[in-house]
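Visitor: Starting off with a structure, shown below.
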Amino acid sequence: MRENWKFFVSLLVIVCLFTFELPYVVYTPGGSIDLANRIEVEDGYETQGSLSMAYVSMIKGSIPFLLFSYLIPNWDIVSTKDIKPDNESLEEMILADQISLIQAQNNALYAAFSLANKEVKVLSQTNHLVYMSNEADTDLELFDEILTMNGQEIKNLDTVREMVGSLHAGDEVSFEIIRRGKKMTKKATVYETSEGPKVGVSITTTYEYETNPKVSFVSKSSESGPSGGLMNALAIYNALVSEDITMGKKIIGTGTIDKNGVVGEIGGVKYKLLGAAKKKADVFLVPTKNYEEAIQVKNENDLDIRVIAVSSLEEAIAALAKL
């Protein structure tokens with residue numbers, strides 16, 4: 001030990017540099033996930049091309065990686081304050097995003113089956129509290145399962161908004177919840193904002209569906225967020241109909257989706273497009289609201305990839321039919 005003390009000190013310094021995290025993350029060009037490995041539709045039609053969802057790579061802000069970001073193109077430092085609420089930890093944000101992933105899969109399934117004229121039956125639903133503002137006066141906690149509000153069953157976030165909208169500042173609201181397996185009652189006080197009365201919480205609703213044919217999703221613990229919704233819906237739809245919408249092309253894309261098939265804006269389009277180009281995709285599907293940014297990234301980096309803007313699942317299918 002005495003003869004090699006310099007080595008051990010150096011090793012300790014290196015370990016500390018890589019494990020000590022500053023309140024930043026580094027965004028880097030991501031990759032893509034072939035949905036043939038994530039979604040199984042029973043007796044589904046085969047595809048000649050591929051449908052993949054793009055993702056952003058994120059590295060926690062240890063000192064070496066922060067330094068690397070000044071040397072490596074398209075490695076960008078982002079403050080954790082810019083990607084999560086002040087009153088949430090990074091771990092809580094990731095857990096909320098994992099719930100959003102399930103909701104995105106639910107929406108994709110429902111939208112795809114509806115467009116393919118297939119029946120979807122709701123077996124059950126779960127409402128998780130995923131956001132709490134600093135102004136909230138409540139003993140609710142993040143990830144509580146919300147059952148009722150003032151004795152009325154909660155169907156989704158719209159139910160909460162409608163009920164709170166009829167109340168006044170200072171009114172007390174009673175929530176029946178499940179927390180760590182135990183049913184209990186918690187309270188929240190209504191307060192006034194420029195947008196009307198609020199209780200300062202938001203929920204995400206996920207469903208268990210019964211479908212014919214059956215659909216199974218496989219997700220890794222590292223995967224989260226709602227931005228794969230569009231591509232999930234396209235993959236399910238493609239397995240339900242006889243015509244192959246890929247036209248034999250390698251298609252990568254991103255975008256949220258709701259139950260009605262409406263495609264929504266996402267973050268990190270720069271890193272997703274760079275990752276798709278690196279994977280040599282033929283086409284990159286992007287929400288209409290992200291299109292200008294995507295085209296700017298494409299031009300600045302001289303990317304050989306076709307970028308197509310879409311605002312709905314139906315529009316995405318129509319665009320692919322023209323390839």
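Letters A, B, ... mark the chains of the structure tokens in the order given; residue numbers begin at 1 per chain; ligand numbers begin at 1, in order shown.
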Write out as number ranges by chain the residues lying within 7 Å of Phe217 of chain A, counting only C-alpha atoms and excluding same-chain residues fewer than 6 positions away.
Guide: A: 38-40
Visitor: Excluding same-chain residues fewer than 4 positions from segment 20-29 of chain A, what lies within 12 Å of it counting only C-alpha atoms, as a count of residues only?
Guide: 52
Visitor: Per DSSP on the backbone, filter segment 7-256 of chain A down to the residues in strand (DSSP E or B) and report them as a ChimeraX atom specification.
Guide: /A:21-34,39-41,50-62,76-79,120-132,137-138,145-149,152-153,172-179,182-189,191-193,196-198,201-211,215-217,250-253,256
Visitor: Give me the residues near segment 254-262 of chain A as a ChimeraX atom specification, where near means some atom within 9 Å (using only C-alpha atoms) and where sequence neighbours in that chain fewer than 6 positions away do not count.
Guide: /A:52-55,103-104,106-112,114-115,226-231,233,269,272,284-287,310-314
Visitor: Output the selection as a short mmCIF file (atom, residue, chain, number, x, y, z; two decimals), in the first residue's frame - N, CA and C atoms for each residue.
Guide:
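As a result, part_28.cif now contains:
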```cif
data_model
loop_
_atom_site.label_atom_id
_atom_site.label_comp_id
_atom_site.auth_asym_id
_atom_site.auth_seq_id
_atom_site.Cartn_x
_atom_site.Cartn_y
_atom_site.Cartn_z
N SER A 52 -39.62 2.13 -36.00
CA SER A 52 -38.84 2.26 -34.76
C SER A 52 -39.13 3.60 -34.11
N MET A 53 -39.07 3.63 -32.79
CA MET A 53 -39.23 4.89 -32.08
C MET A 53 -37.86 5.43 -31.68
N ALA A 54 -37.70 6.73 -31.87
CA ALA A 54 -36.43 7.40 -31.56
C ALA A 54 -36.38 7.76 -30.08
N TYR A 55 -35.18 7.82 -29.54
CA TYR A 55 -35.04 8.24 -28.15
C TYR A 55 -33.80 9.13 -27.99
N GLN A 103 -49.21 5.05 -20.41
CA GLN A 103 -50.34 5.78 -20.98
C GLN A 103 -50.20 5.93 -22.49
N ALA A 104 -48.97 6.19 -22.96
CA ALA A 104 -48.73 6.32 -24.39
C ALA A 104 -49.03 5.00 -25.11
N ASN A 106 -51.15 2.73 -24.06
CA ASN A 106 -52.61 2.62 -24.03
C ASN A 106 -53.24 3.41 -25.17
N ASN A 107 -52.81 4.67 -25.29
CA ASN A 107 -53.38 5.54 -26.32
C ASN A 107 -53.08 5.02 -27.72
N ALA A 108 -51.86 4.51 -27.91
CA ALA A 108 -51.47 3.98 -29.22
C ALA A 108 -52.35 2.80 -29.60
N LEU A 109 -52.56 1.90 -28.64
CA LEU A 109 -53.39 0.73 -28.89
C LEU A 109 -54.81 1.15 -29.26
N TYR A 110 -55.38 2.03 -28.46
CA TYR A 110 -56.77 2.46 -28.69
C TYR A 110 -56.91 3.16 -30.04
N ALA A 111 -55.98 4.06 -30.36
CA ALA A 111 -56.05 4.80 -31.62
C ALA A 111 -55.90 3.87 -32.82
N ALA A 112 -54.95 2.93 -32.72
CA ALA A 112 -54.71 2.01 -33.84
C ALA A 112 -55.89 1.09 -34.07
N SER A 114 -58.99 1.62 -33.21
CA SER A 114 -60.13 2.40 -33.69
C SER A 114 -60.02 2.68 -35.18
N LEU A 115 -58.82 3.05 -35.64
CA LEU A 115 -58.63 3.35 -37.06
C LEU A 115 -58.76 2.09 -37.91
N PRO A 226 -43.70 9.67 -22.98
CA PRO A 226 -44.81 9.45 -23.90
C PRO A 226 -44.48 9.60 -25.37
N SER A 227 -43.23 9.93 -25.71
CA SER A 227 -42.93 10.34 -27.09
C SER A 227 -42.89 9.19 -28.10
N GLY A 228 -43.01 7.95 -27.64
CA GLY A 228 -43.07 6.83 -28.57
C GLY A 228 -44.48 6.49 -29.01
N GLY A 229 -45.45 7.28 -28.58
CA GLY A 229 -46.85 6.96 -28.84
C GLY A 229 -47.19 6.80 -30.31
N LEU A 230 -46.77 7.75 -31.14
CA LEU A 230 -47.07 7.69 -32.58
C LEU A 230 -46.54 6.41 -33.20
N MET A 231 -45.28 6.08 -32.94
CA MET A 231 -44.68 4.92 -33.59
C MET A 231 -45.27 3.61 -33.06
N ALA A 233 -48.39 3.30 -32.21
CA ALA A 233 -49.68 3.20 -32.90
C ALA A 233 -49.50 2.71 -34.33
N VAL A 269 -36.00 16.76 -30.11
CA VAL A 269 -36.06 16.33 -31.51
C VAL A 269 -34.68 16.33 -32.17
N LYS A 272 -32.96 13.05 -31.35
CA LYS A 272 -33.67 11.93 -31.96
C LYS A 272 -33.42 11.87 -33.46
N PHE A 284 -37.91 10.04 -41.26
CA PHE A 284 -38.07 10.43 -39.86
C PHE A 284 -39.41 11.14 -39.74
N LEU A 285 -40.34 10.55 -38.98
CA LEU A 285 -41.65 11.15 -38.74
C LEU A 285 -41.56 12.03 -37.50
N VAL A 286 -42.09 13.24 -37.61
CA VAL A 286 -41.97 14.21 -36.52
C VAL A 286 -43.30 14.96 -36.37
N PRO A 287 -43.69 15.31 -35.16
CA PRO A 287 -44.90 16.13 -34.99
C PRO A 287 -44.80 17.45 -35.75
N VAL A 310 -46.23 15.26 -39.27
CA VAL A 310 -47.58 14.69 -39.17
C VAL A 310 -48.28 15.23 -37.93
N SER A 311 -49.60 15.36 -38.02
CA SER A 311 -50.38 15.86 -36.89
C SER A 311 -51.37 14.82 -36.37
N SER A 312 -51.46 13.66 -37.05
CA SER A 312 -52.37 12.62 -36.60
C SER A 312 -51.88 11.26 -37.10
N LEU A 313 -52.39 10.21 -36.51
CA LEU A 313 -52.07 8.85 -36.94
C LEU A 313 -52.51 8.64 -38.38
N GLU A 314 -53.71 9.10 -38.71
CA GLU A 314 -54.24 8.94 -40.07
C GLU A 314 -53.36 9.67 -41.08
#
```
Visitor: Ranking A:Ser224, A:Ser133, A:Ser174, A:Ser216 by minimum distance to Gln152 of chain A and counting only C-alpha atoms, which one comes first?
Guide: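 Counting only C-alpha atoms, the residue closest to Gln152 of chain A is A:Ser174.
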Visitor: Going by DSSP on the backbone, which residues of segment 63-228 of chain A come out as helix (DSSP H, G or I)? List them as number ranges by chain.
Guide: A: 63-68, 80-82, 90-115, 157-165
Visitor: If we count only C-alpha atoms and set the cut-off at 7 Å, which residues sit around segment 183-189 of chain A, ignoring sequence neighbours fewer than 4 positions away in its own chain? Please answer as a PDB file with all heavy atoms, in the first residue's frame.
Guide:
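File result06.pdb, as written:
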```
ATOM      1  N   ASP A 137     -51.890  22.797  -1.324  1.00  0.00           N
ATOM      2  CA  ASP A 137     -52.060  22.645   0.123  1.00  0.00           C
ATOM      3  C   ASP A 137     -52.776  21.319   0.341  1.00  0.00           C
ATOM      4  O   ASP A 137     -54.001  21.245   0.354  1.00  0.00           O
ATOM      5  CB  ASP A 137     -52.880  23.819   0.673  1.00  0.00           C
ATOM      6  CG  ASP A 137     -53.086  23.727   2.183  1.00  0.00           C
ATOM      7  OD1 ASP A 137     -52.448  22.854   2.824  1.00  0.00           O
ATOM      8  OD2 ASP A 137     -53.881  24.520   2.721  1.00  0.00           O
ATOM      9  N   THR A 138     -52.000  20.247   0.522  1.00  0.00           N
ATOM     10  CA  THR A 138     -52.575  18.907   0.542  1.00  0.00           C
ATOM     11  C   THR A 138     -51.654  17.923   1.253  1.00  0.00           C
ATOM     12  O   THR A 138     -50.443  18.173   1.386  1.00  0.00           O
ATOM     13  CB  THR A 138     -52.828  18.415  -0.904  1.00  0.00           C
ATOM     14  OG1 THR A 138     -53.398  17.120  -0.867  1.00  0.00           O
ATOM     15  CG2 THR A 138     -51.532  18.371  -1.702  1.00  0.00           C
ATOM     16  N   ASP A 139     -52.238  16.830   1.730  1.00  0.00           N
ATOM     17  CA  ASP A 139     -51.419  15.733   2.278  1.00  0.00           C
ATOM     18  C   ASP A 139     -51.356  14.563   1.303  1.00  0.00           C
ATOM     19  O   ASP A 139     -50.953  13.455   1.676  1.00  0.00           O
ATOM     20  CB  ASP A 139     -51.930  15.280   3.644  1.00  0.00           C
ATOM     21  CG  ASP A 139     -53.414  14.935   3.652  1.00  0.00           C
ATOM     22  OD1 ASP A 139     -54.072  15.071   2.596  1.00  0.00           O
ATOM     23  OD2 ASP A 139     -53.919  14.546   4.728  1.00  0.00           O
ATOM     24  N   LEU A 140     -51.744  14.806   0.047  1.00  0.00           N
ATOM     25  CA  LEU A 140     -51.512  13.823  -1.007  1.00  0.00           C
ATOM     26  C   LEU A 140     -50.017  13.718  -1.281  1.00  0.00           C
ATOM     27  O   LEU A 140     -49.262  14.657  -1.022  1.00  0.00           O
ATOM     28  CB  LEU A 140     -52.239  14.234  -2.288  1.00  0.00           C
ATOM     29  CG  LEU A 140     -53.769  14.147  -2.287  1.00  0.00           C
ATOM     30  CD1 LEU A 140     -54.330  14.880  -3.499  1.00  0.00           C
ATOM     31  CD2 LEU A 140     -54.227  12.691  -2.287  1.00  0.00           C
ATOM     32  N   GLY A 170     -60.483  28.099  -0.932  1.00  0.00           N
ATOM     33  CA  GLY A 170     -60.719  27.784   0.471  1.00  0.00           C
ATOM     34  C   GLY A 170     -61.550  26.541   0.686  1.00  0.00           C
ATOM     35  O   GLY A 170     -61.560  25.986   1.796  1.00  0.00           O
ATOM     36  N   ASP A 171     -62.262  26.079  -0.354  1.00  0.00           N
ATOM     37  CA  ASP A 171     -63.030  24.842  -0.223  1.00  0.00           C
ATOM     38  C   ASP A 171     -62.080  23.662  -0.029  1.00  0.00           C
ATOM     39  O   ASP A 171     -61.006  23.610  -0.629  1.00  0.00           O
ATOM     40  CB  ASP A 171     -63.877  24.591  -1.474  1.00  0.00           C
ATOM     41  CG  ASP A 171     -65.049  25.551  -1.596  1.00  0.00           C
ATOM     42  OD1 ASP A 171     -65.359  26.223  -0.596  1.00  0.00           O
ATOM     43  OD2 ASP A 171     -65.644  25.628  -2.695  1.00  0.00           O
ATOM     44  N   GLU A 172     -62.494  22.717   0.803  1.00  0.00           N
ATOM     45  CA  GLU A 172     -61.677  21.523   1.037  1.00  0.00           C
ATOM     46  C   GLU A 172     -62.217  20.357   0.223  1.00  0.00           C
ATOM     47  O   GLU A 172     -63.426  20.142   0.145  1.00  0.00           O
ATOM     48  CB  GLU A 172     -61.658  21.162   2.515  1.00  0.00           C
ATOM     49  CG  GLU A 172     -60.616  20.109   2.877  1.00  0.00           C
ATOM     50  CD  GLU A 172     -60.504  19.885   4.375  1.00  0.00           C
ATOM     51  OE1 GLU A 172     -61.430  19.288   4.954  1.00  0.00           O
ATOM     52  OE2 GLU A 172     -59.490  20.308   4.953  1.00  0.00           O
ATOM     53  N   VAL A 173     -61.304  19.622  -0.398  1.00  0.00           N
ATOM     54  CA  VAL A 173     -61.658  18.489  -1.245  1.00  0.00           C
ATOM     55  C   VAL A 173     -61.138  17.213  -0.592  1.00  0.00           C
ATOM     56  O   VAL A 173     -60.019  17.178  -0.070  1.00  0.00           O
ATOM     57  CB  VAL A 173     -61.038  18.643  -2.658  1.00  0.00           C
ATOM     58  CG1 VAL A 173     -61.384  17.444  -3.520  1.00  0.00           C
ATOM     59  CG2 VAL A 173     -61.525  19.927  -3.316  1.00  0.00           C
ATOM     60  N   SER A 174     -61.963  16.171  -0.627  1.00  0.00           N
ATOM     61  CA  SER A 174     -61.596  14.887  -0.033  1.00  0.00           C
ATOM     62  C   SER A 174     -61.288  13.882  -1.138  1.00  0.00           C
ATOM     63  O   SER A 174     -62.075  13.715  -2.075  1.00  0.00           O
ATOM     64  CB  SER A 174     -62.736  14.372   0.843  1.00  0.00           C
ATOM     65  OG  SER A 174     -62.458  13.078   1.323  1.00  0.00           O
ATOM     66  N   PHE A 175     -60.123  13.232  -1.044  1.00  0.00           N
ATOM     67  CA  PHE A 175     -59.716  12.208  -2.007  1.00  0.00           C
ATOM     68  C   PHE A 175     -59.608  10.855  -1.304  1.00  0.00           C
ATOM     69  O   PHE A 175     -58.963  10.741  -0.260  1.00  0.00           O
ATOM     70  CB  PHE A 175     -58.358  12.531  -2.620  1.00  0.00           C
ATOM     71  CG  PHE A 175     -58.362  13.685  -3.571  1.00  0.00           C
ATOM     72  CD1 PHE A 175     -58.053  14.968  -3.127  1.00  0.00           C
ATOM     73  CD2 PHE A 175     -58.656  13.500  -4.908  1.00  0.00           C
ATOM     74  CE1 PHE A 175     -58.046  16.045  -4.002  1.00  0.00           C
ATOM     75  CE2 PHE A 175     -58.656  14.571  -5.792  1.00  0.00           C
ATOM     76  CZ  PHE A 175     -58.351  15.845  -5.343  1.00  0.00           C
ATOM     77  N   GLU A 176     -60.234   9.838  -1.885  1.00  0.00           N
ATOM     78  CA  GLU A 176     -59.999   8.471  -1.445  1.00  0.00           C
ATOM     79  C   GLU A 176     -58.884   7.908  -2.310  1.00  0.00           C
ATOM     80  O   GLU A 176     -58.963   7.977  -3.545  1.00  0.00           O
ATOM     81  CB  GLU A 176     -61.258   7.618  -1.582  1.00  0.00           C
ATOM     82  CG  GLU A 176     -61.092   6.214  -1.002  1.00  0.00           C
ATOM     83  CD  GLU A 176     -62.348   5.366  -1.139  1.00  0.00           C
ATOM     84  OE1 GLU A 176     -63.236   5.745  -1.925  1.00  0.00           O
ATOM     85  OE2 GLU A 176     -62.426   4.321  -0.476  1.00  0.00           O
ATOM     86  N   ILE A 177     -57.845   7.377  -1.677  1.00  0.00           N
ATOM     87  CA  ILE A 177     -56.651   6.962  -2.413  1.00  0.00           C
ATOM     88  C   ILE A 177     -56.166   5.599  -1.936  1.00  0.00           C
ATOM     89  O   ILE A 177     -56.618   5.087  -0.909  1.00  0.00           O
ATOM     90  CB  ILE A 177     -55.505   7.984  -2.245  1.00  0.00           C
ATOM     91  CG1 ILE A 177     -54.981   7.932  -0.797  1.00  0.00           C
ATOM     92  CG2 ILE A 177     -55.938   9.391  -2.630  1.00  0.00           C
ATOM     93  CD1 ILE A 177     -53.621   8.536  -0.612  1.00  0.00           C
ATOM     94  N   ILE A 178     -55.224   5.045  -2.702  1.00  0.00           N
ATOM     95  CA  ILE A 178     -54.454   3.880  -2.260  1.00  0.00           C
ATOM     96  C   ILE A 178     -52.984   4.283  -2.253  1.00  0.00           C
ATOM     97  O   ILE A 178     -52.471   4.782  -3.256  1.00  0.00           O
ATOM     98  CB  ILE A 178     -54.666   2.665  -3.188  1.00  0.00           C
ATOM     99  CG1 ILE A 178     -56.120   2.194  -3.124  1.00  0.00           C
ATOM    100  CG2 ILE A 178     -53.728   1.528  -2.795  1.00  0.00           C
ATOM    101  CD1 ILE A 178     -56.440   1.063  -4.077  1.00  0.00           C
ATOM    102  N   ARG A 179     -52.346   4.105  -1.098  1.00  0.00           N
ATOM    103  CA  ARG A 179     -50.923   4.436  -0.959  1.00  0.00           C
ATOM    104  C   ARG A 179     -50.191   3.254  -0.351  1.00  0.00           C
ATOM    105  O   ARG A 179     -50.540   2.814   0.738  1.00  0.00           O
ATOM    106  CB  ARG A 179     -50.731   5.689  -0.092  1.00  0.00           C
ATOM    107  CG  ARG A 179     -49.271   6.093   0.110  1.00  0.00           C
ATOM    108  CD  ARG A 179     -49.157   7.261   1.070  1.00  0.00           C
ATOM    109  NE  ARG A 179     -49.823   8.450   0.537  1.00  0.00           N
ATOM    110  CZ  ARG A 179     -50.064   9.558   1.264  1.00  0.00           C
ATOM    111  NH1 ARG A 179     -49.702   9.597   2.542  1.00  0.00           N
ATOM    112  NH2 ARG A 179     -50.681  10.592   0.709  1.00  0.00           N
ATOM    113  N   VAL A 199     -56.404  22.673  -7.380  1.00  0.00           N
ATOM    114  CA  VAL A 199     -55.882  22.032  -6.167  1.00  0.00           C
ATOM    115  C   VAL A 199     -54.396  21.720  -6.322  1.00  0.00           C
ATOM    116  O   VAL A 199     -53.762  21.237  -5.390  1.00  0.00           O
ATOM    117  CB  VAL A 199     -56.659  20.744  -5.818  1.00  0.00           C
ATOM    118  CG1 VAL A 199     -58.057  21.078  -5.334  1.00  0.00           C
ATOM    119  CG2 VAL A 199     -56.702  19.776  -6.987  1.00  0.00           C
TER     120      VAL A 199
END
```
Visitor: Which distance in Å separates atom CA of Phe113 of chain A and atom CA of Leu240 of chain A, to one decimal?
Guide: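 Distance between the two atoms: 7.8 Å.
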Visitor: Find the residue from A:Leu167, A:Met149, A:Val215, A:Ala319 that sits nearest to Thr246 of chain A; use only C-alpha atoms when measuring.
Guide: A:Ala319
Visitor: To one decimal place, how far is atom CA of Pro213 of chain A from atom CA of Tyr45 of chain A in Å?
Guide: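 Those two atoms sit 11.3 Å apart.
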Visitor: Expressed in Å to a single decimal, how great is the separation between atom CA of Ala281 of chain A and atom CA of Gln98 of chain A?
Guide: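 About the pair atom CA of Ala281 of chain A and atom CA of Gln98 of chain A: they are 26.4 Å apart.
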Visitor: Pick out the closest residue to Glu92 of chain A from this set: A:Glu293, A:Leu129, A:Ser219, A:Val41. Count only C-alpha atoms.
Guide: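 With only C-alpha atoms as the atom set, the closest residue is A:Leu129.
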Visitor: I need the residue nearest Ile236 of chain A from this list: A:Glu145, A:Leu95, A:Gly165, A:Lys118. Use only C-alpha atoms for the distance.
Guide: A:Lys118
Visitor: So, counting only C-alpha atoms, which residue among A:Lys198, A:Ser222, A:Asp304, A:Val241 is closest to Glu162 of chain A?
Guide: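 Checking each candidate against Glu162 of chain A, we get A:Lys198 as the closest.
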